[in-house]
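Comments concern the structure below.
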Amino acid sequence: DEQTYWFAPSPSPAKDLSQTVYLLPNYDEYMVGYTDRSAVFDALQTDKLDSRGNILFNHTIVLAGQVVGTWKRTIKKGEVILTPSFFTALNTAETDAFAASVNRYGTFLGKPVNVSIEVE
């Protein structure tokens with residue numbers, strides 16, 4: 001779309017990240033590093049953010065470089081409860097990638113993570 005982005009050369013070929021999910025915190029540099037976020041976030045999804053409506057204030061779920069949802073966490077003594085809010089439904093491979101990301105997050109925290117899906 002007539003946009004130029006510069007990247008440092010990679011020392012090795014990048015692996016396929018199309019099915020990798022990242023759970024990013026609010027104010028992550030992936031979101032704050034650019035004033036034009038149209039390459040990673042569809043402004044038509046703004047109504048699905050929290051009441052402030054600003055993507056920077058939300059923990060984001062990124063799949064294949066695109067923000068596909070937000071998440072919240074509740075840390076308890078023996079567990080972490082993670083509540084995702086997806087902008088669209090995930091397919092099986094994407095759901096598996098999300099589960100792998102949740103598992104990595106639990107390993108990082110040293111606690112089991114239980115996913116709580118809110119039903120509207």
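A note on labels: chains of the structure tokens are A, B, ... as shown, every chain counts residues from 1, and ligands are counted from 1 in their shown order.
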**Request:** Do a neighbour search on region 102-109 of chain A at 8 Å with only C-alpha atoms, toss out local chain neighbours closer than 4 positions, and write the hits as a ChimeraX atom specification.
**Result:** /A:23,80,98,113
**Request:** Give me every alpha helix (DSSP H) residue in region 53-113 of chain A, going by DSSP on the backbone, as a PyMOL selection string.
**Result:** chain A and resi 92-109
With C-alpha atoms retained, write the just-selected residues as a CSV table (one decimal), in the first residue's frame.
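out-v1.csv, written as the output of this step:
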chain,number,residue,atom,x,y,z
A,92,THR,CA,-8.1,-25.0,14.3
A,93,ALA,CA,-4.5,-24.2,13.5
A,94,GLU,CA,-4.9,-20.7,14.9
A,95,THR,CA,-6.5,-22.1,18.0
A,96,ASP,CA,-3.6,-24.5,18.5
A,97,ALA,CA,-1.1,-21.6,18.0
A,98,PHE,CA,-3.0,-19.6,20.6
A,99,ALA,CA,-2.9,-22.5,23.0
A,100,ALA,CA,0.9,-22.8,22.5
A,101,SER,CA,1.3,-19.1,23.3
A,102,VAL,CA,-0.8,-19.5,26.5
A,103,ASN,CA,1.5,-22.4,27.5
A,104,ARG,CA,4.6,-20.3,26.8
A,105,TYR,CA,3.1,-17.6,29.0
A,106,GLY,CA,2.4,-20.0,31.8
A,107,THR,CA,6.0,-21.3,31.6
A,108,PHE,CA,7.2,-17.7,31.8
A,109,LEU,CA,5.1,-17.0,34.9
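Considering the residues A:Thr4, A:Gln19, A:Gln66, A:Thr88 and counting only C-alpha atoms, Val40 (chain A) has its shortest atom-to-atom contact with A:Gln66.
Taking CA of Gly65 (chain A) as the reference point, CA of Phe7 (chain A) is found at 14.5 Å.
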**Complete:** Thr70 (chain A) proximity check over A:Met31, A:Leu49, A:Leu82, A:Val21, using only C-alpha atoms: winner is A:Leu49
**Prompt:** Can you list, as a PyMOL selection string, every residue of chain A that DSSP puts in strand (DSSP E or B)?
**Reply:** chain A and resi 21-24+59-63+66-75+80-86+113-115
**Request:** Within 7 Å of Ser116 (chain A), counting only C-alpha atoms, which residues show up once you throw out same-chain ones fewer than 2 positions away? Write them as a PyMOL selection string, please.
**Result:** chain A and resi 81-83+114+118
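Minimum atom-to-atom distances from A:Thr74, A:Ser85, A:Asn91, A:Thr60 to Tyr27 (chain A) were compared using only C-alpha atoms, and the lowest value belongs to A:Thr60.
The nearest approach to Gln3 (chain A) among the residues A:Arg37, A:His59, A:Lys48, A:Lys76, with only C-alpha atoms taken into account, belongs to A:Arg37.
The nearest approach to Phe86 (chain A) among the residues A:Thr20, A:Tyr30, A:Leu56, A:Gln45, with only C-alpha atoms taken into account, belongs to A:Gln45.
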**Item:** Close residues, Val32 (chain A) itself excluded, 12 Å, only C-alpha atoms, min 6 positions apart in chain, as a list in words
**Value:** Leu24, Pro25, Asn26, Val40, Phe41, Asn54, Ile55, Leu56, Phe57 and Asn58 of chain A
**Request:** Determine the nearest neighbour of Ile61 (chain A) from the options A:Ala43, A:Ala8, A:Ile75, A:Leu90, counting only C-alpha atoms.
**Result:** A:Leu90
**Asked** Hey, can you check how far CA of Thr35 (chain A) sits from CA of Ala89 (chain A)?
**Response** 27.7 Å
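Atom pair CA of Glu29 (chain A) / CA of Trp6 (chain A) has a distance of 15.7 Å (rounded to one decimal).
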